[in-house]
Every structure is written in structure tokens, then in C-alpha cells.
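Note sheet for the following structure.
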Amino acid sequence: MAIIKENYLIPLNRMLFISKKDGLKLEDIIVETEGDYRLFEKEDNIVIKNDDCCRSIKVTVKTKD
């Protein structure tokens with residue numbers, strides 16, 4: 001399991017973009033957070049959007065083995 005981002009703070013209504021380099025897919029990642037988020041794919045990126053109504057969220061993003 002490789003860590004892509006650790007303890008990354010996503011402000012309210014902002015997004016974190018993870019590059020799909022090396023064939024990374026949505027199914028290949030694990031998102032750990034204490035807040036609400038939306039996860040979706042774009043052409044070149046995987047997007048994690050802070051969907052919490054009132055605060056920033058801290059996320060850790062890992063790849064599955």
C-alpha cells in the first residue's frame with residue numbers, strides 16, 4: 001500500500017486532484033477521512049471533493065495492493 005497524500009487538508013467546497021498516471025483507476029485508491037466527500041473521475045484525474053457543509057476535511061489517500 002503506497003501513500004499518495006497524507007493528512008492533506010481540503011478546504012470547504014474545494015477539490016484534490018490525483019493524477020491518473022501509471023494507469024491509476026478509481027478502484028485502486030482508498031480514501032480515509034472524517035468528513036463528507038465525493039469521489040469521481042475525470043479524463044486525466046481522480047477528484048476528491050470536500051462535500052462537508054461547514055468545514056475543511058483532512059484526507060489520506062492510499063493505493064490498494
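In the C-alpha cells, chains take the letters A, B, ... in the order shown, each chain's residues start at 1, and ligands count up from 1 in the order shown.
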
| If you run DSSP on the backbone, which residues of region 21-65 of chain A are strand (DSSP E or B), as a VMD selection string? | chain A and resid 29 to 33 37 to 41 45 to 50 57 to 63

| task | Give me the residues within 10 Å of Ala2 (chain A) as a ChimeraX atom specification, counting only C-alpha atoms and dropping any in the same chain fewer than 4 places off. | result | /A:29,61-65

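The spacing separating CA of Ser56 (chain A) from CA of Lys21 (chain A) amounts to 26.9 Å.
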
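Shortest separation to Thr60 (chain A) among A:Met1, A:Asp22, A:Glu41, A:Asn7 occurs at residue A:Asn7, atoms counted being only C-alpha atoms.
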
| message | Please list as a ChimeraX atom specification every residue within 8 Å of Leu39 (chain A), counting only C-alpha atoms and excluding residues in the same chain fewer than 6 positions away. | response | /A:46-49

Let's have the selection written as a PDB file, in the first residue's frame, with C-alpha atoms.
```pdb
ATOM      1  CA  ILE A  46      -9.335  11.332  -9.911  1.00  0.00           C
ATOM      2  CA  VAL A  47     -11.137  14.054  -7.971  1.00  0.00           C
ATOM      3  CA  ILE A  48     -11.881  14.147  -4.246  1.00  0.00           C
ATOM      4  CA  LYS A  49     -14.275  16.997  -3.442  1.00  0.00           C
TER       5      LYS A  49
END
```

| request: List every residue of chain A that DSSP, applied to the backbone of this structure, assigns to helix (DSSP H, G or I), and report them as a PyMOL selection string. | output: chain A and resi 21-23+26-28

How would the residues just chosen look if you wrote them out with C-alpha atoms as a PDB file, in the first residue's frame?
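Contents of out_31.pdb, as written:
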```
ATOM      1  CA  LYS A  21      -0.520   8.474 -14.293  1.00  0.00           C
ATOM      2  CA  ASP A  22       0.715   4.887 -14.462  1.00  0.00           C
ATOM      3  CA  GLY A  23      -2.824   3.615 -15.083  1.00  0.00           C
ATOM      4  CA  LEU A  26     -10.788   4.990  -9.136  1.00  0.00           C
ATOM      5  CA  GLU A  27     -10.986   1.397  -7.886  1.00  0.00           C
ATOM      6  CA  ASP A  28      -7.270   1.443  -6.985  1.00  0.00           C
TER       7      ASP A  28
END
```

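Relative to CA of Arg55 (chain A), CA of Leu9 (chain A) is found at 10.3 Å.
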